[in-house]
$ cat model-v7.txt   # compact mmCIF, C-alpha atoms and all ligand atoms
# COMPACT_ATOMS: atom_id res chain seq x y z
CA MET A 1 8.57 -19.53 106.00
CA ASN A 2 9.61 -15.99 106.58
CA PRO A 3 7.64 -14.64 109.57
CA LEU A 4 7.06 -11.33 107.83
CA GLN A 5 5.45 -13.14 104.98
CA ARG A 6 3.31 -15.26 107.20
CA ALA A 7 2.12 -12.09 108.88
CA ALA A 8 1.10 -10.74 105.49
CA GLY A 9 -1.34 -13.64 105.52
CA SER A 10 -2.36 -13.56 101.87
CA ARG A 11 -3.79 -16.91 100.85
CA ILE A 12 -1.73 -18.71 98.23
CA ALA A 13 -3.85 -19.08 95.12
CA ALA A 14 -4.06 -22.33 93.20
CA ALA A 15 -1.38 -22.85 90.60
CA ARG A 16 -2.71 -22.62 87.03
CA VAL A 17 -1.23 -24.88 84.40
CA GLY A 18 -2.10 -24.53 80.71
CA ILE A 19 -2.19 -27.44 78.28
CA GLY A 20 -2.16 -26.34 74.66
CA GLY A 21 -1.37 -27.85 71.31
CA PRO A 22 -2.66 -28.72 67.86
CA VAL A 23 -6.07 -30.32 67.29
CA GLY A 24 -6.16 -33.96 68.32
CA SER A 25 -2.64 -34.18 69.73
CA GLY A 26 -3.96 -35.74 72.94
CA LYS A 27 -4.54 -32.82 75.34
CA THR A 28 -7.72 -34.27 76.82
CA ALA A 29 -6.14 -37.73 76.93
CA LEU A 30 -3.25 -36.23 78.90
CA VAL A 31 -5.66 -34.50 81.30
CA GLU A 32 -7.47 -37.82 81.78
CA ARG A 33 -4.16 -39.46 82.68
CA LEU A 34 -3.00 -36.62 84.92
CA ILE A 35 -6.19 -36.51 87.02
CA PRO A 36 -5.78 -39.91 88.71
CA ALA A 37 -1.99 -39.61 88.87
CA LEU A 38 -2.16 -36.22 90.61
CA MET A 39 -5.01 -37.28 92.89
CA ALA A 40 -3.01 -40.34 93.93
CA ARG A 41 -0.33 -37.94 95.13
CA GLY A 42 -2.91 -36.02 97.11
CA VAL A 43 -3.18 -32.96 94.86
CA ASP A 44 -6.45 -31.02 95.23
CA LEU A 45 -7.40 -30.49 91.61
CA ALA A 46 -9.85 -28.77 89.23
CA ILE A 47 -10.11 -28.61 85.45
CA ILE A 48 -11.09 -26.03 82.83
CA THR A 49 -11.60 -26.98 79.21
CA ASN A 50 -11.89 -24.71 76.20
CA ASP A 51 -13.86 -25.88 73.19
CA LEU A 52 -14.83 -24.03 70.07
CA VAL A 53 -18.61 -23.95 70.43
CA THR A 54 -19.44 -26.93 72.58
CA ALA A 55 -18.44 -28.29 75.96
CA GLU A 56 -17.48 -31.66 74.54
CA ASP A 57 -14.16 -32.08 76.33
CA ALA A 58 -15.66 -30.93 79.64
CA GLU A 59 -18.52 -33.40 79.23
CA ARG A 60 -16.06 -36.17 78.40
CA ILE A 61 -14.05 -35.50 81.56
CA ARG A 62 -17.17 -35.10 83.73
CA ARG A 63 -18.49 -38.43 82.52
CA SER A 64 -15.15 -40.17 82.98
CA GLY A 65 -15.80 -40.65 86.70
CA LEU A 66 -12.21 -39.58 87.40
CA ILE A 67 -13.15 -36.39 89.23
CA ASP A 68 -16.14 -34.68 90.84
CA PRO A 69 -17.98 -33.23 87.79
CA ALA A 70 -18.49 -29.93 89.65
CA ARG A 71 -14.72 -29.45 89.50
CA VAL A 72 -14.77 -29.34 85.70
CA SER A 73 -15.64 -26.00 84.07
CA ALA A 74 -16.07 -25.30 80.38
CA VAL A 75 -15.20 -22.11 78.53
CA GLU A 76 -16.58 -21.67 75.03
CA ALA A 77 -13.72 -20.35 73.01
CA GLY A 78 -15.56 -19.41 69.81
CA ALA A 79 -13.82 -19.71 66.48
CA CYS A 80 -10.43 -18.47 67.63
CA PRO A 81 -9.16 -20.78 70.37
CA HIS A 82 -5.94 -18.86 71.01
CA THR A 83 -7.76 -15.60 71.71
CA VAL A 84 -9.19 -16.81 75.02
CA ILE A 85 -5.88 -18.11 76.30
CA ARG A 86 -3.69 -15.28 75.13
CA GLU A 87 -5.13 -11.93 73.99
CA ASP A 88 -8.19 -11.89 76.19
CA PRO A 89 -8.06 -14.62 78.82
CA THR A 90 -10.75 -13.01 81.02
CA LEU A 91 -13.25 -15.85 80.52
CA ASN A 92 -10.67 -18.38 81.63
CA ILE A 93 -9.51 -16.22 84.53
CA GLU A 94 -13.12 -15.90 85.70
CA ALA A 95 -13.60 -19.65 85.42
CA ALA A 96 -10.45 -20.27 87.47
CA ASP A 97 -11.43 -17.67 90.10
CA ASP A 98 -14.84 -19.28 90.32
CA LEU A 99 -13.32 -22.74 90.90
CA GLU A 100 -11.10 -21.29 93.64
CA ARG A 101 -14.14 -19.75 95.32
CA ARG A 102 -16.16 -22.94 95.15
CA PHE A 103 -13.28 -25.22 96.20
CA PRO A 104 -11.18 -23.16 98.62
CA GLY A 105 -8.55 -25.88 99.09
CA VAL A 106 -7.82 -26.32 95.41
CA GLU A 107 -4.07 -26.35 94.72
CA LEU A 108 -3.91 -26.87 91.00
CA ILE A 109 -6.13 -25.95 88.06
CA LEU A 110 -5.40 -27.58 84.70
CA ILE A 111 -6.58 -25.48 81.75
CA GLU A 112 -6.91 -27.31 78.43
CA SER A 113 -6.99 -24.97 75.47
CA GLY A 114 -9.00 -25.68 72.36
CA GLY A 115 -7.06 -27.47 69.65
CA ASP A 116 -5.09 -24.90 67.71
CA ASN A 117 -1.91 -24.65 65.66
CA LEU A 118 1.78 -24.51 66.47
CA ALA A 119 1.59 -20.78 67.20
CA SER A 120 -0.71 -20.88 70.20
CA THR A 121 0.72 -19.69 73.50
CA PHE A 122 -0.76 -18.90 76.92
CA SER A 123 -0.88 -15.48 78.51
CA ARG A 124 1.14 -15.16 81.71
CA ASP A 125 -1.91 -13.50 83.22
CA LEU A 126 -3.73 -16.79 82.91
CA THR A 127 -1.19 -19.53 83.59
CA ASP A 128 1.83 -19.93 85.82
CA PHE A 129 3.20 -22.73 83.71
CA TRP A 130 2.15 -24.23 80.43
CA MET A 131 2.72 -27.38 78.49
CA PHE A 132 2.40 -27.84 74.78
CA VAL A 133 1.33 -31.24 73.46
CA ILE A 134 2.28 -32.39 69.98
CA ASP A 135 2.12 -35.92 68.67
CA VAL A 136 4.45 -38.05 66.61
CA GLY A 137 1.85 -38.23 63.83
CA GLY A 138 2.95 -34.81 62.59
CA GLY A 139 6.38 -36.24 61.80
CA ASP A 140 9.78 -35.71 63.43
CA ASP A 141 10.13 -32.42 61.55
CA ILE A 142 7.66 -30.59 63.74
CA PRO A 143 10.21 -29.24 66.26
CA ARG A 144 12.37 -27.82 63.50
CA LYS A 145 9.44 -25.68 62.34
CA ARG A 146 9.92 -23.71 65.53
CA GLY A 147 6.30 -22.94 66.24
CA PRO A 148 6.04 -20.49 69.14
CA GLY A 149 4.12 -23.07 71.18
CA VAL A 150 6.88 -25.65 70.71
CA ILE A 151 9.64 -23.19 71.56
CA ARG A 152 8.18 -21.12 74.36
CA CYS A 153 6.20 -23.57 76.47
CA ASP A 154 7.61 -24.59 79.85
CA THR A 155 7.42 -28.28 79.01
CA LEU A 156 6.99 -29.79 75.57
CA VAL A 157 5.12 -33.09 75.54
CA ILE A 158 5.51 -35.39 72.55
CA ASN A 159 2.53 -37.73 72.73
CA LYS A 160 1.44 -40.91 70.93
CA THR A 161 4.90 -42.46 71.10
CA ASP A 162 3.19 -45.79 70.42
CA LEU A 163 2.50 -44.62 66.87
CA ALA A 164 6.13 -43.82 66.03
CA PRO A 165 6.85 -47.09 64.18
CA TYR A 166 3.73 -46.67 62.03
CA VAL A 167 4.51 -43.15 60.89
CA GLY A 168 8.22 -43.71 60.40
CA VAL A 169 9.29 -41.38 63.21
CA ASP A 170 12.61 -41.79 64.98
CA LEU A 171 11.61 -40.82 68.53
CA GLU A 172 15.10 -40.12 69.81
CA ARG A 173 15.85 -37.89 66.84
CA MET A 174 12.58 -36.02 67.36
CA ARG A 175 13.39 -35.53 71.04
CA GLN A 176 16.90 -34.29 70.27
CA GLN A 177 15.60 -31.81 67.70
CA ALA A 178 13.02 -30.56 70.15
CA LEU A 179 15.70 -30.08 72.81
CA ALA A 180 17.88 -28.25 70.30
CA VAL A 181 15.24 -25.70 69.28
CA ARG A 182 14.27 -25.26 72.96
CA ASP A 183 17.76 -24.57 74.29
CA ASN A 184 17.51 -27.79 76.29
CA ARG A 185 14.38 -26.82 78.18
CA PRO A 186 12.26 -29.86 79.14
CA VAL A 187 10.86 -32.27 76.55
CA LEU A 188 8.88 -35.30 77.73
CA LEU A 189 7.56 -38.29 75.80
CA THR A 190 4.16 -39.82 76.56
CA ASN A 191 1.83 -42.52 75.39
CA CYS A 192 -1.52 -41.49 76.82
CA ARG A 193 -3.17 -44.62 75.48
CA LYS A 194 -1.10 -46.76 77.82
CA GLY A 195 -0.22 -44.16 80.45
CA GLU A 196 3.49 -44.25 79.70
CA GLY A 197 5.59 -41.22 80.63
CA ILE A 198 2.84 -39.69 82.78
CA ASP A 199 4.88 -39.95 85.98
CA ALA A 200 7.52 -37.65 84.55
CA VAL A 201 4.86 -35.05 83.70
CA VAL A 202 3.44 -35.28 87.22
CA SER A 203 6.93 -34.94 88.73
CA ALA A 204 7.60 -31.82 86.68
CA ILE A 205 4.33 -30.28 87.93
CA GLU A 206 5.13 -31.24 91.53
CA ARG A 207 8.62 -29.78 91.40
CA ASP A 208 8.19 -26.64 89.27
CA VAL A 209 4.59 -25.67 89.98
CA LEU A 210 3.51 -27.13 93.31
CA PHE A 211 6.98 -26.75 94.86
CA ARG A 212 6.67 -30.06 96.63
CA ALA A 213 10.30 -31.10 96.44
CA MET B 1 14.17 -24.97 98.77
CA LEU B 2 13.14 -21.62 100.22
CA ARG B 3 9.42 -21.08 99.76
CA LEU B 4 8.63 -17.42 99.21
CA HIS B 5 5.17 -15.95 98.82
CA GLY B 6 4.48 -12.37 97.91
CA VAL B 7 6.54 -9.22 97.60
CA LEU B 8 7.52 -7.66 100.95
CA GLY B 9 8.41 -4.31 99.52
CA HIS B 10 11.10 -2.64 97.48
CA GLU B 11 14.80 -2.39 98.17
CA SER B 12 14.42 1.40 98.17
CA ASP B 13 11.71 1.42 100.87
CA THR B 14 12.77 3.48 103.89
CA LEU B 15 11.28 0.76 106.06
CA TYR B 16 13.98 -1.68 104.98
CA HIS B 17 16.79 0.71 104.29
CA ALA B 18 18.77 0.30 107.50
CA ARG B 19 18.46 -3.49 107.58
CA LEU B 20 19.45 -3.89 103.94
CA HIS B 21 22.37 -1.57 104.46
CA ALA B 22 23.56 -3.65 107.41
CA LEU B 23 23.17 -6.88 105.48
CA GLU B 24 25.08 -5.42 102.58
CA HIS B 25 28.09 -5.00 104.87
CA HIS B 26 28.40 -8.68 105.53
CA ASP B 27 27.52 -9.74 102.04
CA GLY B 28 24.02 -10.82 102.99
CA ILE B 29 22.15 -9.68 99.91
CA GLU B 30 21.30 -12.35 97.37
CA LEU B 31 20.07 -11.44 93.92
CA LEU B 32 17.44 -13.41 92.08
CA PHE B 33 17.95 -12.71 88.39
CA VAL B 34 14.62 -12.98 86.59
CA PRO B 35 14.85 -13.11 82.79
CA SER B 36 12.76 -10.25 81.38
CA GLU B 37 10.52 -12.65 79.46
CA GLU B 38 9.64 -14.35 82.75
CA ALA B 39 8.77 -11.18 84.60
CA GLY B 40 5.01 -11.65 84.22
CA ARG B 41 5.03 -15.00 85.99
CA LYS B 42 3.15 -15.44 89.25
CA ARG B 43 4.95 -18.63 90.19
CA PHE B 44 8.46 -19.74 89.41
CA ARG B 45 11.46 -21.59 90.70
CA LEU B 46 14.87 -20.01 90.33
CA ALA B 47 18.21 -20.01 92.16
CA THR B 48 19.78 -16.78 93.46
CA ASP B 49 23.32 -15.72 92.56
CA ARG B 50 24.41 -17.55 95.73
CA GLY B 51 22.62 -20.72 94.76
CA THR B 52 19.62 -20.53 97.11
CA ASP B 53 16.80 -22.48 95.42
CA CYS B 54 13.76 -20.18 95.62
CA ALA B 55 10.18 -21.29 94.97
CA VAL B 56 8.35 -18.01 94.49
CA SER B 57 4.64 -17.32 94.19
CA LEU B 58 2.82 -14.02 94.02
CA ALA B 59 -0.80 -13.14 94.63
CA ARG B 60 -2.78 -12.76 91.40
CA GLY B 61 -2.88 -8.99 91.61
CA GLU B 62 0.74 -8.63 92.62
CA GLU B 63 3.49 -7.73 90.20
CA LEU B 64 7.18 -8.44 90.39
CA VAL B 65 9.34 -5.38 89.76
CA ASP B 66 13.06 -4.89 89.53
CA GLY B 67 14.30 -4.40 93.09
CA ALA B 68 11.38 -6.23 94.72
CA LEU B 69 12.30 -7.53 98.17
CA LEU B 70 11.22 -11.15 98.47
CA TYR B 71 12.85 -12.23 101.71
CA ILE B 72 14.65 -10.75 104.68
CA ASP B 73 15.92 -12.11 107.98
CA GLU B 74 18.94 -11.50 110.22
CA GLU B 75 21.36 -13.17 107.83
CA LYS B 76 20.19 -12.43 104.36
CA ALA B 77 17.80 -10.69 102.03
CA ILE B 78 16.68 -11.74 98.57
CA VAL B 79 16.06 -9.07 95.95
CA ALA B 80 14.69 -9.59 92.42
CA ARG B 81 16.73 -8.25 89.52
CA PHE B 82 15.38 -8.18 86.02
CA GLY B 83 17.43 -9.04 83.02
CA ARG B 84 17.41 -6.50 80.23
CA GLN B 85 14.52 -6.83 77.76
CA ARG B 86 16.12 -8.02 74.52
CA VAL B 87 14.99 -6.10 71.48
CA TRP B 88 15.52 -7.10 67.85
CA ARG B 89 15.27 -4.20 65.40
CA LEU B 90 14.44 -4.77 61.76
CA ARG B 91 14.28 -2.33 58.87
CA PRO B 92 12.38 -3.27 55.72
CA ALA B 93 14.20 -2.39 52.50
CA HIS B 94 11.05 -1.24 50.69
CA ALA B 95 7.29 -0.90 51.13
CA ALA B 96 6.46 -4.42 49.95
CA ALA B 97 8.94 -5.84 52.48
CA ALA B 98 7.34 -3.72 55.22
CA LEU B 99 3.94 -5.21 54.41
CA LYS B 100 5.34 -8.73 54.56
CA LEU B 101 7.18 -8.10 57.80
CA GLY B 102 4.07 -6.61 59.38
CA TRP B 103 1.97 -9.54 58.25
CA ASN B 104 4.45 -12.06 59.67
CA ALA B 105 4.89 -10.27 62.97
CA GLY B 106 1.12 -10.07 63.41
CA ASN B 107 0.52 -13.63 62.45
CA LEU B 108 3.19 -14.88 64.83
CA HIS B 109 1.87 -12.65 67.64
CA TRP B 110 5.24 -11.09 68.24
CA ARG B 111 5.33 -8.25 70.73
CA VAL B 112 6.42 -5.22 68.71
CA ARG B 113 6.97 -1.49 68.92
CA PHE B 114 7.05 0.82 65.95
CA GLU B 115 10.16 2.97 65.81
CA GLU B 116 10.18 5.34 62.86
CA ASP B 117 11.10 3.18 59.89
CA CYS B 118 11.93 0.04 61.80
CA LEU B 119 10.08 -2.58 63.75
CA ALA B 120 11.35 -3.32 67.27
CA ILE B 121 10.52 -6.84 68.38
CA LEU B 122 10.53 -7.56 72.12
CA LEU B 123 11.95 -11.04 72.38
CA ASP B 124 10.31 -13.63 74.62
CA GLY B 125 12.60 -16.50 73.62
CA PRO B 126 15.78 -17.39 71.74
CA LEU B 127 16.51 -15.12 68.76
CA ALA B 128 17.18 -18.10 66.48
CA GLY B 129 13.53 -19.09 66.80
CA TYR B 130 12.41 -15.66 65.60
CA ARG B 131 14.98 -15.44 62.82
CA ALA B 132 13.96 -18.82 61.43
CA ARG B 133 10.38 -17.63 60.90
CA ILE B 134 11.36 -14.83 58.52
CA ALA B 135 14.58 -16.34 57.17
CA HIS B 136 13.30 -16.02 53.61
CA LEU B 137 12.88 -12.25 54.00
CA LEU B 138 16.29 -11.84 55.63
CA ASP B 139 18.06 -13.99 53.06
CA ALA B 140 16.46 -12.10 50.19
CA GLY B 141 17.67 -8.80 51.64
CA ASP B 142 14.07 -7.57 52.02
CA ILE B 143 14.75 -6.93 55.68
CA VAL B 144 17.89 -5.66 57.33
CA GLU B 145 18.76 -6.49 60.92
CA LEU B 146 19.91 -3.37 62.72
CA ALA B 147 21.72 -3.71 65.98
CA ASP B 148 22.57 -6.83 67.87
CA VAL B 149 20.06 -7.97 70.40
N1 LIG A 301 -2.36 -44.12 69.73
C1 LIG A 301 -2.56 -43.11 70.57
N2 LIG A 301 -3.66 -42.38 70.48
C2 LIG A 301 -3.84 -41.37 71.34
C3 LIG A 301 -2.89 -41.05 72.34
N3 LIG A 301 -3.34 -39.97 73.01
C4 LIG A 301 -4.52 -39.63 72.48
N4 LIG A 301 -4.84 -40.49 71.46
C5 LIG A 301 -6.05 -40.45 70.61
O1 LIG A 301 -5.99 -39.28 69.80
C6 LIG A 301 -7.29 -38.76 69.60
C7 LIG A 301 -7.35 -37.31 70.06
O2 LIG A 301 -7.14 -37.27 71.46
P1 LIG A 301 -7.70 -36.11 72.35
O3 LIG A 301 -7.22 -36.34 73.74
O4 LIG A 301 -9.15 -35.93 72.15
O5 LIG A 301 -6.95 -34.89 71.69
P2 LIG A 301 -7.10 -33.33 72.01
O6 LIG A 301 -5.77 -32.73 71.80
O7 LIG A 301 -7.76 -33.13 73.31
O8 LIG A 301 -8.10 -32.88 70.84
P3 LIG A 301 -8.88 -31.48 70.70
O9 LIG A 301 -9.28 -31.05 72.08
O10 LIG A 301 -10.03 -31.80 69.83
O11 LIG A 301 -7.91 -30.56 70.06
C8 LIG A 301 -8.24 -39.66 70.37
O12 LIG A 301 -8.75 -40.60 69.47
C9 LIG A 301 -7.32 -40.32 71.38
O13 LIG A 301 -7.78 -41.60 71.79
C10 LIG A 301 -1.70 -41.84 72.41
O14 LIG A 301 -0.79 -41.63 73.23
N5 LIG A 301 -1.59 -42.85 71.50
MG MG A 302 -9.39 -31.98 73.83
$ encode --input "model-v7.txt" --output "C-alpha cells" --more "lines below"
Ligand SMILES: Nc1nc2c(ncn2[C@@H]2O[C@H](COP(=O)(O)OP(=O)(O)OP(=O)(O)O)[C@@H](O)[C@H]2O)c(=O)[nH]1
Ligand SMILES: [Mg+2]
Amino acid sequence: MNPLQRAAGSRIAAARVGIGGPVGSGKTALVERLIPALMARGVDLAIITNDLVTAEDAERIRRSGLIDPARVSAVEAGACPHTVIREDPTLNIEAADDLERRFPGVELILIESGGDNLASTFSRDLTDFWMFVIDVGGGDDIPRKRGPGVIRCDTLVINKTDLAPYVGVDLERMRQQALAVRDNRPVLLTNCRKGEGIDAVVSAIERDVLFRA
Amino acid sequence: MLRLHGVLGHESDTLYHARLHALEHHDGIELLFVPSEEAGRKRFRLATDRGTDCAVSLARGEELVDGALLYIDEEKAIVARFGRQRVWRLRPAHAAAALKLGWNAGNLHWRVRFEEDCLAILLDGPLAGYRARIAHLLDAGDIVELADV
C-alpha cells in the first residue's frame, strides 16, 4: 500500500452490500446461503434486515444458528420499504455504524431490504454494492420490463431456477434478456433451495467488494 | 490489483504540484475515469487509462471529486476523472402531457431538474431503459425529446 495512505491511518470501514428485490423472491434465502459460504472463506460478517412492521426476517436468521444472533440487526421499514434504503437511509446507516462499533473487525455487512417492487434501488450513501433478486416465477418477461432495480443493480440474481420447468420459463432466454437490458453487466442464476449458484455470488462479492483477488 | 484507500488530496494542491508536474514529464500520470453515475460510490474497482486495476475505498465521510489524487509514488500518480453527467431533456407538448410526465418521473424516482418548460433528467443508467418506461408518451407525440444525451 502507498506509504502516504498508510500514514493517513484511517480505518477501512466494512463494505456494505444491499440485497433488494420483489416480495418473496428469495432475499432471505440468499442471505441464509451466503452466511455459511462467506464464513467458510473467513469473511467477518454482520447482517441487517428490513421488514415492514416486524423483525421476522431478522428473527429467522437469528434462529437459524448460522451466525451469532448479536450480529443480526433489524430495521423496521414501515409501509414504504424503499424509503429506508433510498430516500432516507439514516436508520440503516445507523444500524450499520452500530454493528461496526460493536464488532470492530467486521468486513462485510449484508443489508436485506424489505420486499418491494421492480423499482426499488439502494442509495449510494448506504451501500457500496447492491444486488437485486428476482425469481423465475415472475416469468422470463421480467427483464424486458426494465425495472430500475433490474437495470441498475450491480449484480442481478435470478433465483428459484429449480422452478423454471414448472412455470414454463426458458432460463437461458431469461438470462440473455437480462444481460441485454443491463448492457452485459453481471447476471447470476441461483437455486437457494439447493444452494446452487451461490459460489458465483460469493466470488463476485470477494472480487468486487472485498477486493480479495 | 492496486489497493487504494482514501483521497490524498487534489491535483491542484500546492503540496503535490511539483511532484505531479515532474511525473507529467515522463508520462507518469494515470487517469481513473469514473462514470458520473458512479461518483457517489465509496468502494469500487476500476482500471485506469493505462490498465492499472485499482480497488478503491473511501472513508464514509469522504467524497470523490474530479481531480482527486488517489495515489502517488516516484513513478506514477493516479487521478480521478469524472465522466460528464448525461442529461436527457424532455418537453411536454401540452399540460396534460406535463402532468403525465411528472407523474412517471416521480413514480420511477428519476433524478430531475426543472428547466423552464422542460424536464431535465439526470441519467444514472442506459438511456434505453429510461426511454422504454415512457415509450407510450414519446410515441404519441405527447413528449418531445430535445437534445441528444
Ligand atoms: N423452489 C424454490 N423456492 C425458494 C428458493 N428461494 C427461496 N424460496 C422460497 O421462496 C419463499 C420466499 O423466500 P424468502 O427468502 O423468504 O423471500 P424474501 O425475498 O426474503 O421475502 P420477503 O423478505 O418477504 O420479501 C420461501 O418459501 C422460500 O423457501 C429457490 O431457489 N427455489
Ligand atoms: Mg426476506
$ interface_residues --input "model-v7.txt" --of "chain B" --to "chain A" --cutoff "10 Å" --atoms "all atoms listed in the file" --output "tab-separated table (two decimals) with C-alpha atoms, in the coordinates of the input"
chain	number	residue	atom	x	y	z
B	1	MET	CA	14.17	-24.97	98.77
B	2	LEU	CA	13.14	-21.62	100.22
B	3	ARG	CA	9.42	-21.08	99.76
B	4	LEU	CA	8.63	-17.42	99.21
B	5	HIS	CA	5.17	-15.95	98.82
B	6	GLY	CA	4.48	-12.37	97.91
B	7	VAL	CA	6.54	-9.22	97.60
B	8	LEU	CA	7.52	-7.66	100.95
B	37	GLU	CA	10.52	-12.65	79.46
B	38	GLU	CA	9.64	-14.35	82.75
B	39	ALA	CA	8.77	-11.18	84.60
B	40	GLY	CA	5.01	-11.65	84.22
B	41	ARG	CA	5.03	-15.00	85.99
B	42	LYS	CA	3.15	-15.44	89.25
B	43	ARG	CA	4.95	-18.63	90.19
B	44	PHE	CA	8.46	-19.74	89.41
B	45	ARG	CA	11.46	-21.59	90.70
B	46	LEU	CA	14.87	-20.01	90.33
B	54	CYS	CA	13.76	-20.18	95.62
B	55	ALA	CA	10.18	-21.29	94.97
B	56	VAL	CA	8.35	-18.01	94.49
B	57	SER	CA	4.64	-17.32	94.19
B	58	LEU	CA	2.82	-14.02	94.02
B	59	ALA	CA	-0.80	-13.14	94.63
B	60	ARG	CA	-2.78	-12.76	91.40
B	61	GLY	CA	-2.88	-8.99	91.61
B	70	LEU	CA	11.22	-11.15	98.47
B	71	TYR	CA	12.85	-12.23	101.71
B	72	ILE	CA	14.65	-10.75	104.68
B	73	ASP	CA	15.92	-12.11	107.98
B	107	ASN	CA	0.52	-13.63	62.45
B	108	LEU	CA	3.19	-14.88	64.83
B	109	HIS	CA	1.87	-12.65	67.64
B	110	TRP	CA	5.24	-11.09	68.24
B	124	ASP	CA	10.31	-13.63	74.62
B	125	GLY	CA	12.60	-16.50	73.62
B	126	PRO	CA	15.78	-17.39	71.74
B	128	ALA	CA	17.18	-18.10	66.48
B	129	GLY	CA	13.53	-19.09	66.80
B	130	TYR	CA	12.41	-15.66	65.60
B	132	ALA	CA	13.96	-18.82	61.43
B	133	ARG	CA	10.38	-17.63	60.90
$ residues_near_ligand --input "model-v7.txt" --ligand "ligand MG 302 (chain A)" --cutoff "8 Å" --atoms "all atoms listed in the file" --output "list in words"
Val23, Gly24, Gly26, Lys27, Thr28, Ala29, Thr49, Asp51, Asp57, Glu112, Ser113, Gly114 and Gly115 of chain A
$ residues_near_ligand --input "model-v7.txt" --ligand "ligand LIG 301 (chain A)" --cutoff "10 Å" --atoms "only C-alpha atoms and all ligand atoms" --output "number ranges by chain"
A: 19-33, 49-52, 56-58, 60, 81, 112-117, 132-137, 158-164, 189-197
$ write_last_selection --input "model-v7.txt" --atoms "C-alpha atoms" --output "tab-separated table (two decimals), keeping the file's coordinate frame"
chain	number	residue	atom	x	y	z
A	19	ILE	CA	-2.19	-27.44	78.28
A	20	GLY	CA	-2.16	-26.34	74.66
A	21	GLY	CA	-1.37	-27.85	71.31
A	22	PRO	CA	-2.66	-28.72	67.86
A	23	VAL	CA	-6.07	-30.32	67.29
A	24	GLY	CA	-6.16	-33.96	68.32
A	25	SER	CA	-2.64	-34.18	69.73
A	26	GLY	CA	-3.96	-35.74	72.94
A	27	LYS	CA	-4.54	-32.82	75.34
A	28	THR	CA	-7.72	-34.27	76.82
A	29	ALA	CA	-6.14	-37.73	76.93
A	30	LEU	CA	-3.25	-36.23	78.90
A	31	VAL	CA	-5.66	-34.50	81.30
A	32	GLU	CA	-7.47	-37.82	81.78
A	33	ARG	CA	-4.16	-39.46	82.68
A	49	THR	CA	-11.60	-26.98	79.21
A	50	ASN	CA	-11.89	-24.71	76.20
A	51	ASP	CA	-13.86	-25.88	73.19
A	52	LEU	CA	-14.83	-24.03	70.07
A	56	GLU	CA	-17.48	-31.66	74.54
A	57	ASP	CA	-14.16	-32.08	76.33
A	58	ALA	CA	-15.66	-30.93	79.64
A	60	ARG	CA	-16.06	-36.17	78.40
A	81	PRO	CA	-9.16	-20.78	70.37
A	112	GLU	CA	-6.91	-27.31	78.43
A	113	SER	CA	-6.99	-24.97	75.47
A	114	GLY	CA	-9.00	-25.68	72.36
A	115	GLY	CA	-7.06	-27.47	69.65
A	116	ASP	CA	-5.09	-24.90	67.71
A	117	ASN	CA	-1.91	-24.65	65.66
A	132	PHE	CA	2.40	-27.84	74.78
A	133	VAL	CA	1.33	-31.24	73.46
A	134	ILE	CA	2.28	-32.39	69.98
A	135	ASP	CA	2.12	-35.92	68.67
A	136	VAL	CA	4.45	-38.05	66.61
A	137	GLY	CA	1.85	-38.23	63.83
A	158	ILE	CA	5.51	-35.39	72.55
A	159	ASN	CA	2.53	-37.73	72.73
A	160	LYS	CA	1.44	-40.91	70.93
A	161	THR	CA	4.90	-42.46	71.10
A	162	ASP	CA	3.19	-45.79	70.42
A	163	LEU	CA	2.50	-44.62	66.87
A	164	ALA	CA	6.13	-43.82	66.03
A	189	LEU	CA	7.56	-38.29	75.80
A	190	THR	CA	4.16	-39.82	76.56
A	191	ASN	CA	1.83	-42.52	75.39
A	192	CYS	CA	-1.52	-41.49	76.82
A	193	ARG	CA	-3.17	-44.62	75.48
A	194	LYS	CA	-1.10	-46.76	77.82
A	195	GLY	CA	-0.22	-44.16	80.45
A	196	GLU	CA	3.49	-44.25	79.70
A	197	GLY	CA	5.59	-41.22	80.63
$ atom_distance --input "model-v7.txt" --atom1 "CA of Leu156 in chain A" --atom2 "CA of Val202 in chain A"
13.4 Å
$ residues_near_point --input "model-v7.txt" --point "(9.8, -4.9, 56.5)" --cutoff "9 Å" --atoms "only C-alpha atoms" --output "list of chain:residue names"
B:Leu90, B:Arg91, B:Pro92, B:Ala93, B:His94, B:Ala95, B:Ala96, B:Ala97, B:Ala98, B:Leu99, B:Lys100, B:Leu101, B:Gly102, B:Asp117, B:Cys118, B:Leu119, B:Leu137, B:Asp142, B:Ile143, B:Val144
$ closest_residue --input "model-v7.txt" --among "A:Ile142, A:Ile35, A:Ala180, A:Arg41" --to "Ile61 in chain A" --atoms "all atoms listed in the file"
A:Ile35
$ atom_distance --input "model-v7.txt" --atom1 "CA of Lys76 in chain B" --atom2 "CA of Leu23 in chain B"
6.4 Å
$ atom_distance --input "model-v7.txt" --atom1 "CA of Val65 in chain B" --atom2 "CA of Phe82 in chain B"
7.6 Å
$ residues_around --input "model-v7.txt" --residues "Phe103 in chain A" --least-positions-apart "4" --cutoff "10 Å" --atoms "all atoms listed in the file" --output "ChimeraX atom specification"
/A:44-46,70-71,97-99,107
$ closest_residue --input "model-v7.txt" --among "A:Ser73, A:Ser64, A:Thr155, A:Thr54" --to "Pro186 in chain A" --atoms "all atoms listed in the file"
A:Thr155
$ residues_near_point --input "model-v7.txt" --point "(10.5, -37.9, 71.9)" --cutoff "7 Å" --atoms "all atoms listed in the file" --output "PyMOL selection string"
chain A and resi 158+171-172+174-175+188-189
$ write_last_selection --input "model-v7.txt" --atoms "C-alpha atoms" --output "compact mmCIF listing (two decimals), in the coordinates of the input"
# COMPACT_ATOMS: atom_id res chain seq x y z
CA ILE A 158 5.51 -35.39 72.55
CA LEU A 171 11.61 -40.82 68.53
CA GLU A 172 15.10 -40.12 69.81
CA MET A 174 12.58 -36.02 67.36
CA ARG A 175 13.39 -35.53 71.04
CA LEU A 188 8.88 -35.30 77.73
CA LEU A 189 7.56 -38.29 75.80
